[in-house]
>>> print(open('model-v7.cif').read())   # mmCIF, C-alpha atoms
data_query
#
loop_
_atom_site.label_atom_id
_atom_site.label_comp_id
_atom_site.auth_asym_id
_atom_site.auth_seq_id
_atom_site.Cartn_x
_atom_site.Cartn_y
_atom_site.Cartn_z
CA MET I 4 26.84 10.36 -15.42
CA LEU I 5 23.35 9.50 -14.23
CA ARG I 6 24.40 5.87 -14.28
CA VAL I 7 27.76 5.83 -12.55
CA ARG I 8 27.51 8.99 -10.38
CA ASP I 9 31.18 9.78 -10.77
CA ARG I 10 32.75 11.95 -13.42
CA SER I 11 36.11 10.24 -13.72
CA ALA I 12 34.51 6.79 -13.82
CA ALA I 13 32.16 7.97 -16.57
CA GLU I 14 35.09 9.37 -18.58
CA ASP I 15 37.09 6.17 -18.17
CA LEU I 16 34.13 4.15 -19.43
CA VAL I 17 33.83 6.32 -22.53
CA GLN I 18 37.55 5.94 -23.18
CA GLU I 19 37.46 2.17 -22.76
CA THR I 20 34.50 2.00 -25.08
CA PHE I 21 36.33 3.80 -27.87
CA LEU I 22 39.41 1.63 -27.36
CA ALA I 23 37.35 -1.55 -27.47
CA ALA I 24 35.56 -0.32 -30.57
CA LEU I 25 38.86 0.44 -32.25
CA LYS I 26 40.18 -3.06 -31.48
CA SER I 27 37.09 -4.84 -32.73
CA ARG I 28 36.15 -2.55 -35.60
CA GLY I 29 36.42 -5.53 -37.92
CA ALA I 30 33.47 -7.06 -36.10
CA PHE I 31 31.21 -4.10 -36.79
CA SER I 32 28.72 -5.43 -39.27
CA GLY I 33 27.20 -2.21 -40.43
CA GLY I 34 23.83 -3.76 -39.66
CA SER I 35 23.14 -1.07 -37.11
CA SER I 36 24.25 2.52 -36.87
CA GLU I 37 27.67 3.27 -35.41
CA ALA I 38 26.10 5.10 -32.49
CA THR I 39 23.97 2.06 -31.60
CA TRP I 40 27.01 -0.17 -31.80
CA LEU I 41 29.02 2.13 -29.51
CA VAL I 42 26.19 2.40 -26.99
CA GLY I 43 26.04 -1.40 -26.94
CA ILE I 44 29.74 -1.60 -26.05
CA LEU I 45 29.31 1.14 -23.45
CA LYS I 46 26.49 -0.82 -21.77
CA HIS I 47 28.74 -3.85 -21.43
CA LYS I 48 31.43 -1.65 -19.92
CA ILE I 49 28.94 -0.22 -17.41
CA ALA I 50 27.86 -3.72 -16.34
CA ASP I 51 31.52 -4.65 -15.85
CA HIS I 52 31.97 -1.53 -13.76
CA TYR I 53 29.16 -2.64 -11.41
CA ARG I 54 30.50 -6.17 -11.16
CA HIS I 55 33.86 -4.81 -10.25
CA GLN I 56 32.40 -2.48 -7.62
CA ALA I 57 30.37 -5.32 -6.10
CA ARG I 58 33.57 -7.33 -5.63
CA GLU I 59 35.39 -4.37 -4.13
CA ALA I 60 32.59 -3.32 -1.77
CA PRO I 61 33.38 -3.94 1.88
CA PRO I 62 31.45 -6.97 3.12
CA GLU I 63 29.98 -5.12 6.11
CA ASP I 64 28.01 -3.10 3.61
CA LEU I 65 26.09 -6.27 2.95
CA ASP I 66 25.13 -6.80 6.54
CA LEU I 67 21.71 -5.29 6.26
CA ARG I 68 20.66 -5.79 9.84
CA GLU I 69 23.57 -3.74 11.10
CA HIS I 70 23.09 -0.94 8.62
CA PRO I 71 22.37 2.27 10.52
CA ASP I 72 19.00 3.28 9.22
CA PRO I 73 16.79 5.50 11.33
CA SER I 74 13.51 3.67 10.98
CA PRO I 75 10.41 5.82 10.47
CA PHE I 76 8.40 3.18 12.37
CA ASP I 77 7.76 2.57 16.05
CA GLY I 78 8.08 -0.79 17.78
CA SER I 79 4.71 -1.99 16.53
CA GLY I 80 5.43 -1.01 12.92
CA HIS I 81 3.35 2.18 12.74
CA TRP I 82 4.70 5.37 11.15
CA THR I 83 6.28 7.71 13.70
CA SER I 84 6.45 10.46 11.09
CA GLY I 85 4.62 9.54 7.91
CA PRO I 86 5.36 10.77 4.40
CA THR I 87 4.28 14.39 3.94
CA ASP I 88 2.08 15.73 1.18
CA TRP I 89 4.29 16.69 -1.79
CA GLY I 90 1.59 19.00 -3.11
CA GLY I 91 1.49 20.79 -6.41
CA ASN I 92 1.81 18.84 -9.61
CA PRO I 93 4.81 16.57 -9.14
CA ALA I 94 4.11 14.64 -12.35
CA ASP I 95 6.09 17.26 -14.28
CA LEU I 96 9.09 16.93 -12.01
CA TYR I 97 11.40 15.59 -14.69
CA ARG I 98 11.09 18.85 -16.64
CA GLU I 99 12.75 20.80 -13.86
CA LYS I 100 16.48 20.97 -14.54
CA LYS I 101 17.42 21.36 -10.91
CA PHE I 102 15.56 18.25 -9.89
CA LEU I 103 18.06 16.05 -11.71
CA ASP I 104 20.87 17.58 -9.63
CA GLN I 105 19.02 16.98 -6.38
CA PHE I 106 18.11 13.46 -7.42
CA THR I 107 21.75 12.66 -8.27
CA LYS I 108 22.84 14.06 -4.92
CA CYS I 109 20.34 11.92 -3.04
CA LEU I 110 21.34 8.83 -5.01
CA SER I 111 25.02 9.45 -4.26
CA GLY I 112 24.13 9.77 -0.58
CA LEU I 113 23.10 6.11 -0.42
CA SER I 114 25.70 3.45 0.28
CA PRO I 115 27.31 2.27 -2.98
CA HIS I 116 25.52 -1.04 -2.70
CA HIS I 117 22.08 0.55 -2.35
CA ALA I 118 22.78 3.13 -5.04
CA ASN I 119 24.02 0.52 -7.52
CA ALA I 120 21.04 -1.75 -6.96
CA PHE I 121 18.64 1.17 -7.43
CA THR I 122 20.46 2.35 -10.56
CA LEU I 123 20.46 -1.08 -12.18
CA ARG I 124 16.77 -1.56 -11.44
CA GLU I 125 15.31 1.88 -12.11
CA ILE I 126 17.74 3.53 -14.50
CA GLU I 127 19.05 0.55 -16.46
CA GLY I 128 15.70 -1.21 -16.17
CA ALA I 129 17.31 -4.59 -15.45
CA ASP I 130 15.21 -7.35 -13.90
CA THR I 131 16.05 -8.62 -10.43
CA GLY I 132 17.55 -11.89 -11.69
CA GLU I 133 20.19 -10.05 -13.72
CA ILE I 134 20.93 -7.64 -10.87
CA CYS I 135 21.50 -10.51 -8.43
CA LYS I 136 24.13 -11.91 -10.80
CA VAL I 137 25.88 -8.59 -11.30
CA LEU I 138 25.90 -7.66 -7.61
CA ASN I 139 26.33 -11.22 -6.42
CA VAL I 140 23.48 -11.18 -3.86
CA SER I 141 20.48 -13.42 -3.25
CA GLU I 142 17.07 -12.35 -4.46
CA THR I 143 15.78 -11.94 -0.90
CA ASN I 144 18.73 -9.72 -0.11
CA LEU I 145 18.13 -7.66 -3.21
CA TRP I 146 14.51 -6.95 -2.25
CA VAL I 147 15.67 -5.66 1.11
CA ILE I 148 18.38 -3.55 -0.54
CA LEU I 149 15.93 -2.05 -3.05
CA HIS I 150 13.36 -1.41 -0.32
CA ARG I 151 15.94 0.44 1.79
CA ALA I 152 17.23 2.36 -1.22
CA ARG I 153 13.74 3.54 -2.23
CA MET I 154 12.85 4.48 1.31
CA GLN I 155 16.02 6.53 1.84
CA LEU I 156 15.79 8.16 -1.57
CA ARG I 157 12.17 9.14 -0.97
CA ARG I 158 13.07 10.64 2.38
CA CYS I 159 16.04 12.54 0.94
CA LEU I 160 13.91 14.04 -1.85
CA GLU I 161 11.19 14.96 0.62
CA ILE I 162 13.60 16.88 2.82
CA ASN I 163 15.78 18.46 0.15
CA TRP I 164 13.38 19.07 -2.68
CA PHE I 165 9.74 19.09 -1.66
CA HIS I 166 10.08 20.77 1.73
CA ARG I 167 12.41 23.40 0.36
CA ASN I 168 10.21 24.13 -2.62
CA THR I 169 6.92 24.33 -0.75
CA GLY I 170 8.68 26.47 1.83
CA LYS I 171 9.25 29.09 -0.85
CA GLY I 172 5.48 29.26 -1.20
CA SER I 173 3.93 27.65 -4.23
CA MET S 86 -2.89 -7.83 10.24
CA LEU S 87 -0.13 -6.12 8.26
CA SER S 88 1.71 -3.22 9.89
CA CYS S 89 2.79 -0.09 7.98
CA LYS S 90 6.35 -1.37 8.19
CA ASP S 91 5.32 -4.63 6.46
CA VAL S 92 3.25 -2.77 3.88
CA THR S 93 6.09 -0.45 2.81
CA ARG S 94 8.30 -3.50 2.29
CA LEU S 95 5.60 -5.21 0.24
CA ILE S 96 4.99 -2.07 -1.83
CA SER S 97 8.65 -2.04 -2.82
CA GLU S 98 8.60 -5.78 -3.52
CA SER S 99 5.54 -5.42 -5.74
CA MET S 100 7.57 -3.05 -7.93
CA ASP S 101 9.96 -5.92 -8.69
CA ARG S 102 7.72 -8.99 -8.90
CA SER S 103 4.07 -9.84 -8.60
CA ALA S 104 3.24 -10.94 -5.08
CA PRO S 105 0.84 -13.82 -4.27
CA LEU S 106 -2.83 -12.84 -4.43
CA GLY S 107 -3.38 -13.09 -0.67
CA LYS S 108 -0.61 -10.62 0.05
CA ARG S 109 -1.77 -8.28 -2.67
CA ILE S 110 -5.27 -8.16 -1.19
CA GLY S 111 -3.84 -7.54 2.28
CA VAL S 112 -1.81 -4.60 0.98
CA ARG S 113 -4.76 -3.13 -0.97
CA LEU S 114 -7.02 -3.30 2.09
CA HIS S 115 -4.38 -1.60 4.19
CA LEU S 116 -3.93 1.15 1.60
CA LEU S 117 -7.67 1.87 1.67
CA ILE S 118 -7.54 2.80 5.32
CA CYS S 119 -3.98 4.12 5.75
CA LYS S 120 -3.31 7.58 4.35
CA PHE S 121 0.44 7.43 4.96
CA CYS S 122 1.06 4.12 3.23
CA ALA S 123 -1.13 5.14 0.29
CA ARG S 124 0.90 8.31 -0.02
CA TYR S 125 4.13 6.33 0.30
CA GLU S 126 3.13 4.11 -2.62
CA ARG S 127 2.14 7.10 -4.79
CA GLN S 128 5.47 8.76 -4.10
CA LEU S 129 7.56 5.66 -4.89
CA LEU S 130 5.68 5.26 -8.16
CA LEU S 131 6.19 8.95 -8.91
CA ILE S 132 9.94 8.58 -8.35
CA ARG S 133 9.99 5.59 -10.72
CA GLU S 134 8.00 7.49 -13.36
CA THR S 135 10.23 10.56 -13.02
CA VAL S 136 13.43 8.51 -13.38
CA ARG S 137 12.02 6.91 -16.54
CA HIS S 138 11.30 10.32 -17.99
CA LEU S 139 14.79 11.52 -17.10
CA VAL S 140 16.38 8.51 -18.80
CA ALA S 141 14.17 8.93 -21.88
CA THR S 142 15.08 12.62 -22.11
CA GLU S 143 18.75 11.78 -21.73
CA GLU S 144 18.67 9.17 -24.45
CA ARG S 145 16.81 11.19 -27.05
CA PRO S 146 19.25 11.44 -29.96
CA GLY S 147 20.62 14.84 -30.86
CA GLU S 148 19.70 16.33 -27.53
CA PRO S 149 22.56 15.99 -25.09
CA TYR S 150 20.91 16.21 -21.71
CA GLY S 151 23.60 14.80 -19.48
CA GLU S 152 26.89 16.56 -19.10
CA PRO S 153 29.23 16.60 -22.08
CA LEU S 154 32.82 15.44 -21.71
CA THR S 155 35.24 18.09 -20.54
CA GLU S 156 37.85 19.34 -22.97
CA LYS S 157 40.54 17.64 -20.85
CA ALA S 158 38.79 14.28 -21.04
CA ARG S 159 38.35 14.62 -24.80
CA GLU S 160 42.04 15.31 -25.21
CA ARG S 161 42.98 12.33 -23.01
CA ILE S 162 40.72 9.99 -24.97
CA ARG S 163 42.03 11.32 -28.29
CA ARG S 164 45.60 10.65 -27.18
CA SER S 165 44.90 7.14 -25.93
CA LEU S 166 43.23 6.31 -29.25
CA GLN S 167 46.21 7.58 -31.20
CA GLN S 168 48.51 5.33 -29.22
CA GLN S 169 46.71 2.26 -30.49
#
>>> encode(input="model-v7.cif", output="C-alpha coordinates")
Amino acid sequence: MLRVRDRSAAEDLVQETFLAALKSRGAFSGGSSEATWLVGILKHKIADHYRHQAREAPPEDLDLREHPDPSPFDGSGHWTSGPTDWGGNPADLYREKKFLDQFTKCLSGLSPHHANAFTLREIEGADTGEICKVLNVSETNLWVILHRARMQLRRCLEINWFHRNTGKGS
Amino acid sequence: MLSCKDVTRLISESMDRSAPLGKRIGVRLHLLICKFCARYERQLLLIRETVRHLVATEERPGEPYGEPLTEKARERIRRSLQQQ
(Lines of atoms letter the chains of each structure in order from A and count residues from 1; the text may use other names and numbers.)
(Lines give C-alpha, C1' and ligand atoms only; values in the text may rest on other atoms or scores of the structure.)
Protein backbone atom coordinates (compact mmCIF):
# COMPACT_ATOMS: atom_id res chain seq x y z
CA MET A 1 0.00 0.00 0.00
CA LEU A 2 2.77 2.42 0.91
CA ARG A 3 4.28 1.72 -2.48
CA VAL A 4 1.38 1.96 -4.89
CA ARG A 5 -1.01 4.26 -2.93
CA ASP A 6 -4.08 2.49 -4.23
CA ARG A 7 -5.86 -0.41 -2.62
CA SER A 8 -7.17 -2.14 -5.73
CA ALA A 9 -3.82 -1.82 -7.50
CA ALA A 10 -2.09 -3.33 -4.46
CA GLU A 11 -4.55 -6.23 -4.40
CA ASP A 12 -4.13 -6.87 -8.12
CA LEU A 13 -0.36 -6.97 -7.68
CA VAL A 14 -0.65 -9.55 -4.91
CA GLN A 15 -2.96 -11.65 -7.06
CA GLU A 16 -0.65 -11.47 -10.08
CA THR A 17 2.25 -12.44 -7.88
CA PHE A 18 0.55 -15.59 -6.67
CA LEU A 19 -0.49 -16.50 -10.21
CA ALA A 20 3.04 -15.98 -11.52
CA ALA A 21 4.42 -18.04 -8.65
CA LEU A 22 2.00 -20.84 -9.39
CA LYS A 23 3.01 -20.88 -13.06
CA SER A 24 6.72 -20.91 -12.38
CA ARG A 25 6.76 -23.01 -9.22
CA GLY A 26 9.06 -25.44 -11.00
CA ALA A 27 11.68 -22.71 -11.10
CA PHE A 28 11.66 -22.24 -7.34
CA SER A 29 15.00 -23.61 -6.26
CA GLY A 30 14.42 -23.86 -2.57
CA GLY A 31 17.64 -21.92 -2.14
CA SER A 32 15.77 -19.13 -0.42
CA SER A 33 12.65 -19.12 1.69
CA GLU A 34 9.28 -19.09 -0.05
CA ALA A 35 8.49 -15.67 1.38
CA THR A 36 11.70 -14.21 -0.08
CA TRP A 37 10.92 -15.75 -3.44
CA LEU A 38 7.39 -14.31 -3.44
CA VAL A 39 8.61 -10.85 -2.41
CA GLY A 40 11.07 -10.99 -5.30
CA ILE A 41 8.26 -11.66 -7.76
CA LEU A 42 6.14 -8.94 -6.17
CA LYS A 43 8.97 -6.40 -6.62
CA HIS A 44 9.12 -7.19 -10.33
CA LYS A 45 5.37 -6.73 -10.56
CA ILE A 46 5.62 -3.35 -8.81
CA ALA A 47 8.30 -2.17 -11.24
CA ASP A 48 6.07 -3.24 -14.15
CA HIS A 49 3.22 -1.30 -12.58
CA TYR A 50 5.32 1.89 -12.59
CA ARG A 51 6.49 1.36 -16.15
CA HIS A 52 2.93 0.95 -17.22
CA GLN A 53 1.82 4.09 -15.38
CA ALA A 54 4.66 6.09 -16.92
CA ARG A 55 3.45 5.12 -20.39
CA GLU A 56 -0.14 5.97 -19.54
CA ALA A 57 0.61 9.31 -17.87
CA PRO A 58 -0.58 12.30 -19.87
CA PRO A 59 2.39 14.00 -21.54
CA GLU A 60 1.49 17.44 -20.17
CA ASP A 61 2.35 16.07 -16.76
CA LEU A 62 5.91 16.02 -17.97
CA ASP A 63 5.97 19.65 -18.92
CA LEU A 64 7.61 20.85 -15.76
CA ARG A 65 7.71 24.52 -16.63
CA GLU A 66 3.96 24.65 -17.02
CA HIS A 67 3.23 22.76 -13.84
CA PRO A 68 1.24 24.98 -11.50
CA ASP A 69 3.43 25.20 -8.47
CA PRO A 70 3.09 28.16 -6.14
CA SER A 71 6.72 29.03 -5.65
CA PRO A 72 7.79 29.92 -2.11
CA PHE A 73 10.39 32.29 -3.61
CA ASP A 74 10.23 35.88 -4.82
CA GLY A 75 11.62 37.11 -8.13
CA SER A 76 15.18 37.23 -6.83
CA GLY A 77 15.03 33.71 -5.39
CA HIS A 78 14.60 34.57 -1.70
CA TRP A 79 12.06 32.80 0.50
CA THR A 80 8.74 34.65 0.69
CA SER A 81 7.62 32.38 3.51
CA GLY A 82 10.40 30.13 4.76
CA PRO A 83 10.05 26.71 6.34
CA THR A 84 8.71 26.95 9.89
CA ASP A 85 10.23 25.39 12.97
CA TRP A 86 8.83 21.86 13.37
CA GLY A 87 9.72 21.88 17.05
CA GLY A 88 9.58 19.01 19.48
CA ASN A 89 11.44 15.82 18.74
CA PRO A 90 10.52 14.92 15.17
CA ALA A 91 13.12 12.13 15.01
CA ASP A 92 10.56 9.75 16.52
CA LEU A 93 7.96 10.61 13.93
CA TYR A 94 7.83 7.15 12.41
CA ARG A 95 6.56 5.71 15.68
CA GLU A 96 3.36 7.72 15.46
CA LYS A 97 0.72 5.63 13.73
CA LYS A 98 -1.21 8.60 12.44
CA PHE A 99 1.82 10.07 10.75
CA LEU A 100 1.86 7.26 8.19
CA ASP A 101 -1.72 8.15 7.21
CA GLN A 102 -0.88 11.81 6.80
CA PHE A 103 2.27 11.00 4.88
CA THR A 104 0.34 8.72 2.49
CA LYS A 105 -2.25 11.44 1.98
CA CYS A 106 0.40 14.02 1.14
CA LEU A 107 2.14 11.61 -1.23
CA SER A 108 -1.15 10.88 -3.00
CA GLY A 109 -1.70 14.62 -3.35
CA LEU A 110 1.29 14.94 -5.68
CA SER A 111 0.87 14.37 -9.40
CA PRO A 112 1.31 10.67 -10.24
CA HIS A 113 4.61 11.42 -11.91
CA HIS A 114 6.04 13.21 -8.87
CA ALA A 115 4.65 10.64 -6.45
CA ASN A 116 6.05 7.71 -8.44
CA ALA A 117 9.50 9.26 -8.72
CA PHE A 118 9.56 9.97 -4.98
CA THR A 119 8.34 6.46 -4.14
CA LEU A 120 10.93 4.75 -6.33
CA ARG A 121 13.73 6.87 -4.89
CA GLU A 122 12.83 7.06 -1.19
CA ILE A 123 10.67 4.01 -0.55
CA GLU A 124 12.11 1.50 -3.02
CA GLY A 125 15.58 2.99 -2.62
CA ALA A 126 16.32 2.79 -6.35
CA ASP A 127 19.15 4.85 -7.80
CA THR A 128 18.39 7.61 -10.28
CA GLY A 129 19.68 5.65 -13.28
CA GLU A 130 17.14 2.86 -12.71
CA ILE A 131 14.32 5.33 -12.08
CA CYS A 132 15.03 7.15 -15.36
CA LYS A 133 14.63 3.85 -17.20
CA VAL A 134 11.41 2.91 -15.43
CA LEU A 135 9.80 6.34 -15.82
CA ASN A 136 11.39 7.03 -19.18
CA VAL A 137 12.75 10.50 -18.33
CA SER A 138 16.18 12.10 -18.60
CA GLU A 139 18.34 12.42 -15.51
CA THR A 140 18.05 16.22 -15.54
CA ASN A 141 14.29 15.91 -15.68
CA LEU A 142 14.30 13.46 -12.82
CA TRP A 143 16.24 15.82 -10.55
CA VAL A 144 13.67 18.52 -11.18
CA ILE A 145 10.82 16.07 -10.55
CA LEU A 146 12.35 14.85 -7.28
CA HIS A 147 13.09 18.41 -6.17
CA ARG A 148 9.47 19.43 -6.78
CA ALA A 149 8.15 16.30 -5.12
CA ARG A 150 10.24 16.84 -1.97
CA MET A 151 9.34 20.49 -1.79
CA GLN A 152 5.60 19.85 -2.10
CA LEU A 153 5.68 16.93 0.30
CA ARG A 154 7.55 18.98 2.90
CA ARG A 155 5.04 21.78 2.57
CA CYS A 156 2.08 19.41 2.83
CA LEU A 157 3.46 17.80 6.01
CA GLU A 158 4.21 21.20 7.49
CA ILE A 159 0.64 22.39 7.00
CA ASN A 160 -1.22 19.18 7.82
CA TRP A 161 0.94 17.59 10.45
CA PHE A 162 3.30 19.97 12.18
CA HIS A 163 1.08 23.04 12.30
CA ARG A 164 -1.89 21.04 13.46
CA ASN A 165 0.07 19.23 16.13
CA THR A 166 1.86 22.26 17.55
CA GLY A 167 -1.49 24.06 17.48
CA LYS A 168 -2.80 21.56 19.99
CA GLY A 169 -0.06 22.75 22.32
CA SER A 170 2.91 20.49 22.83
CA MET B 1 26.11 34.11 -5.30
CA LEU B 2 23.55 31.32 -4.91
CA SER B 3 19.95 32.27 -4.15
CA CYS B 4 17.73 30.30 -1.76
CA LYS B 5 15.88 28.98 -4.78
CA ASP B 6 19.14 27.60 -6.23
CA VAL B 7 20.19 26.19 -2.88
CA THR B 8 16.96 24.22 -2.33
CA ARG B 9 17.39 22.68 -5.77
CA LEU B 10 20.99 21.75 -5.00
CA ILE B 11 20.04 20.31 -1.60
CA SER B 12 17.61 17.95 -3.31
CA GLU B 13 20.18 17.08 -5.98
CA SER B 14 22.80 16.29 -3.36
CA MET B 15 20.42 13.64 -1.99
CA ASP B 16 20.68 11.80 -5.32
CA ARG B 17 24.30 12.30 -6.41
CA SER B 18 27.42 13.97 -5.13
CA ALA B 19 27.75 17.45 -6.58
CA PRO B 20 31.08 18.96 -7.73
CA LEU B 21 33.20 20.33 -4.89
CA GLY B 22 32.74 23.98 -5.89
CA LYS B 23 28.96 23.70 -5.71
CA ARG B 24 29.09 21.83 -2.45
CA ILE B 25 31.17 24.58 -0.85
CA GLY B 26 28.79 27.23 -2.19
CA VAL B 27 25.83 25.43 -0.64
CA ARG B 28 27.61 24.90 2.72
CA LEU B 29 28.53 28.59 2.92
CA HIS B 30 24.96 29.58 2.16
CA LEU B 31 23.62 27.21 4.83
CA LEU B 32 25.89 28.81 7.43
CA ILE B 33 24.22 32.16 7.01
CA CYS B 34 20.67 31.22 5.94
CA LYS B 35 18.40 29.90 8.67
CA PHE B 36 15.58 28.96 6.29
CA CYS B 37 17.67 26.91 3.89
CA ALA B 38 19.44 25.16 6.77
CA ARG B 39 16.05 24.27 8.21
CA TYR B 40 14.84 23.15 4.77
CA GLU B 41 17.76 20.73 4.47
CA ARG B 42 17.21 19.34 7.99
CA GLN B 43 13.54 18.76 7.23
CA LEU B 44 14.16 17.00 3.90
CA LEU B 45 16.68 14.72 5.60
CA LEU B 46 14.22 14.08 8.41
CA ILE B 47 11.55 13.07 5.88
CA ARG B 48 14.03 10.69 4.23
CA GLU B 49 15.01 9.19 7.59
CA THR B 50 11.38 8.81 8.64
CA VAL B 51 10.42 7.08 5.38
CA ARG B 52 13.30 4.64 5.85
CA HIS B 53 12.10 3.82 9.34
CA LEU B 54 8.55 3.33 8.07
CA VAL B 55 9.74 0.95 5.35
CA ALA B 56 11.93 -0.97 7.81
CA THR B 57 9.02 -1.30 10.25
CA GLU B 58 6.76 -2.46 7.45
CA GLU B 59 9.19 -5.09 6.27
CA ARG B 60 10.00 -6.60 9.64
CA PRO B 61 8.85 -10.22 9.35
CA GLY B 62 5.97 -11.36 11.51
CA GLU B 63 4.81 -7.85 12.18
CA PRO B 64 2.26 -6.78 9.61
CA TYR B 65 2.40 -3.01 9.70
CA GLY B 66 0.71 -2.14 6.46
CA GLU B 67 -2.91 -2.98 5.89
CA PRO B 68 -3.83 -6.63 5.51
CA LEU B 69 -5.83 -7.80 2.51
CA THR B 70 -9.57 -7.51 2.89
CA GLU B 71 -11.60 -10.70 3.13
CA LYS B 72 -13.09 -9.93 -0.31
CA ALA B 73 -9.66 -9.63 -1.89
CA ARG B 74 -8.52 -12.88 -0.27
CA GLU B 75 -11.54 -14.67 -1.67
CA ARG B 76 -10.96 -13.23 -5.15
CA ILE B 77 -7.32 -14.28 -5.14
CA ARG B 78 -8.20 -17.75 -3.84
CA ARG B 79 -10.70 -18.20 -6.68
CA SER B 80 -8.34 -17.01 -9.38
CA LEU B 81 -5.68 -19.44 -8.13
CA GLN B 82 -8.12 -22.33 -8.21
CA GLN B 83 -8.94 -21.58 -11.82
CA GLN B 84 -5.37 -22.23 -12.84
>>> residues_around(input="model-v7.cif", residues="S:Thr155", least_positions_apart="2", cutoff="12 Å", atoms="only C-alpha atoms", output="CSV table (one decimal) with C-alpha atoms, in the frame of the given file")
chain,number,residue,atom,x,y,z
I,10,ARG,CA,32.8,12.0,-13.4
I,11,SER,CA,36.1,10.2,-13.7
I,13,ALA,CA,32.2,8.0,-16.6
I,14,GLU,CA,35.1,9.4,-18.6
S,152,GLU,CA,26.9,16.6,-19.1
S,153,PRO,CA,29.2,16.6,-22.1
S,157,LYS,CA,40.5,17.6,-20.8
S,158,ALA,CA,38.8,14.3,-21.0
S,159,ARG,CA,38.4,14.6,-24.8
S,160,GLU,CA,42.0,15.3,-25.2
S,161,ARG,CA,43.0,12.3,-23.0
S,162,ILE,CA,40.7,10.0,-25.0
>>> closest_residue(input="model-v7.cif", among="I:Glu19, I:Arg6, I:Pro75, I:Leu113", to="S:Leu166", atoms="all atoms listed in the file")
I:Glu19
>>> closest_residue(input="model-v7.cif", among="S:Arg137, S:Lys108, S:His115, S:Arg127", to="chain I", atoms="all atoms listed in the file")
S:Arg137
>>> atom_distance(input="model-v7.cif", atom1="atom CA of I:Ala38", atom2="atom CA of I:Arg54")
24.5 Å
>>> closest_residue(input="model-v7.cif", among="I:Gly85, I:Arg124, I:Ile49, I:Lys108", to="chain S", atoms="all atoms listed in the file")
I:Gly85
>>> interface_residues(input="model-v7.cif", of="chain S", to="chain I", cutoff="9 Å", atoms="all atoms listed in the file", output="JSON, numbers by chain")
{"S": [87, 88, 89, 90, 91, 93, 94, 95, 96, 97, 98, 101, 102, 120, 121, 122, 124, 125, 128, 129, 131, 132, 133, 134, 135, 136, 137, 138, 139, 140, 142, 151, 152, 154, 155, 158, 159, 161, 162, 163, 165, 166, 169]}
>>> axis_aligned_box(input="model-v7.cif", around="stretch 126-132 of chain S", padding_each_side="4 Å", output="AutoDock Vina command-line options")
--center_x 6.0 --center_y 6.5 --center_z -5.8 --size_x 15.8 --size_y 12.8 --size_z 14.3
>>> atom_distance(input="model-v7.cif", atom1="atom CA of S:Val112", atom2="atom CA of S:Val92")
6.1 Å
>>> residues_around(input="model-v7.cif", residues="I:Val42", least_positions_apart="3", cutoff="12 Å", atoms="only C-alpha atoms", output="list in words")
Leu16, Val17, Thr20, Phe21, Ala23, Ala24, Ser35, Ser36, Glu37, Ala38, Thr39, Leu45, Lys46, His47, Lys48 and Ile49 of chain I; Glu144 and Pro146 of chain S
>>> atom_distance(input="model-v7.cif", atom1="atom CA of I:Ile134", atom2="atom CA of S:Ile110")
27.9 Å
>>> build_atoms(input="model-v7.cif", residues="stretch 86-103 of chain S", atoms="N, CA and C atoms", output="CSV table (one decimal), in the frame of the given file")
chain,number,residue,atom,x,y,z
S,86,MET,N,-2.7,-9.2,10.7
S,86,MET,CA,-2.9,-7.8,10.2
S,86,MET,C,-1.5,-7.3,9.9
S,87,LEU,N,-1.4,-6.7,8.7
S,87,LEU,CA,-0.1,-6.1,8.3
S,87,LEU,C,0.1,-4.8,8.9
S,88,SER,N,1.4,-4.5,9.4
S,88,SER,CA,1.7,-3.2,9.9
S,88,SER,C,2.2,-2.3,8.7
S,89,CYS,N,2.3,-1.0,9.0
S,89,CYS,CA,2.8,-0.1,8.0
S,89,CYS,C,4.2,-0.5,7.5
S,90,LYS,N,5.0,-1.0,8.5
S,90,LYS,CA,6.4,-1.4,8.2
S,90,LYS,C,6.3,-2.5,7.2
S,91,ASP,N,5.4,-3.5,7.4
S,91,ASP,CA,5.3,-4.6,6.5
S,91,ASP,C,4.9,-4.1,5.1
S,92,VAL,N,3.9,-3.2,5.1
S,92,VAL,CA,3.2,-2.8,3.9
S,92,VAL,C,4.2,-2.0,3.0
S,93,THR,N,5.1,-1.2,3.6
S,93,THR,CA,6.1,-0.4,2.8
S,93,THR,C,7.0,-1.4,2.1
S,94,ARG,N,7.4,-2.5,2.9
S,94,ARG,CA,8.3,-3.5,2.3
S,94,ARG,C,7.6,-4.2,1.1
S,95,LEU,N,6.3,-4.5,1.3
S,95,LEU,CA,5.6,-5.2,0.2
S,95,LEU,C,5.3,-4.3,-1.0
S,96,ILE,N,5.2,-3.0,-0.7
S,96,ILE,CA,5.0,-2.1,-1.8
S,96,ILE,C,6.2,-2.1,-2.7
S,97,SER,N,7.4,-2.0,-2.1
S,97,SER,CA,8.6,-2.0,-2.8
S,97,SER,C,8.8,-3.4,-3.6
S,98,GLU,N,8.5,-4.5,-2.9
S,98,GLU,CA,8.6,-5.8,-3.5
S,98,GLU,C,7.7,-5.9,-4.7
S,99,SER,N,6.5,-5.3,-4.6
S,99,SER,CA,5.5,-5.4,-5.7
S,99,SER,C,6.0,-4.6,-7.0
S,100,MET,N,7.0,-3.8,-6.8
S,100,MET,CA,7.6,-3.0,-7.9
S,100,MET,C,8.6,-3.9,-8.7
S,101,ASP,N,9.0,-5.0,-8.1
S,101,ASP,CA,10.0,-5.9,-8.7
S,101,ASP,C,9.4,-7.3,-9.1
S,102,ARG,N,8.3,-7.7,-8.5
S,102,ARG,CA,7.7,-9.0,-8.9
S,102,ARG,C,6.3,-9.0,-8.5
S,103,SER,N,5.5,-9.8,-9.0
S,103,SER,CA,4.1,-9.8,-8.6
S,103,SER,C,3.9,-10.8,-7.4
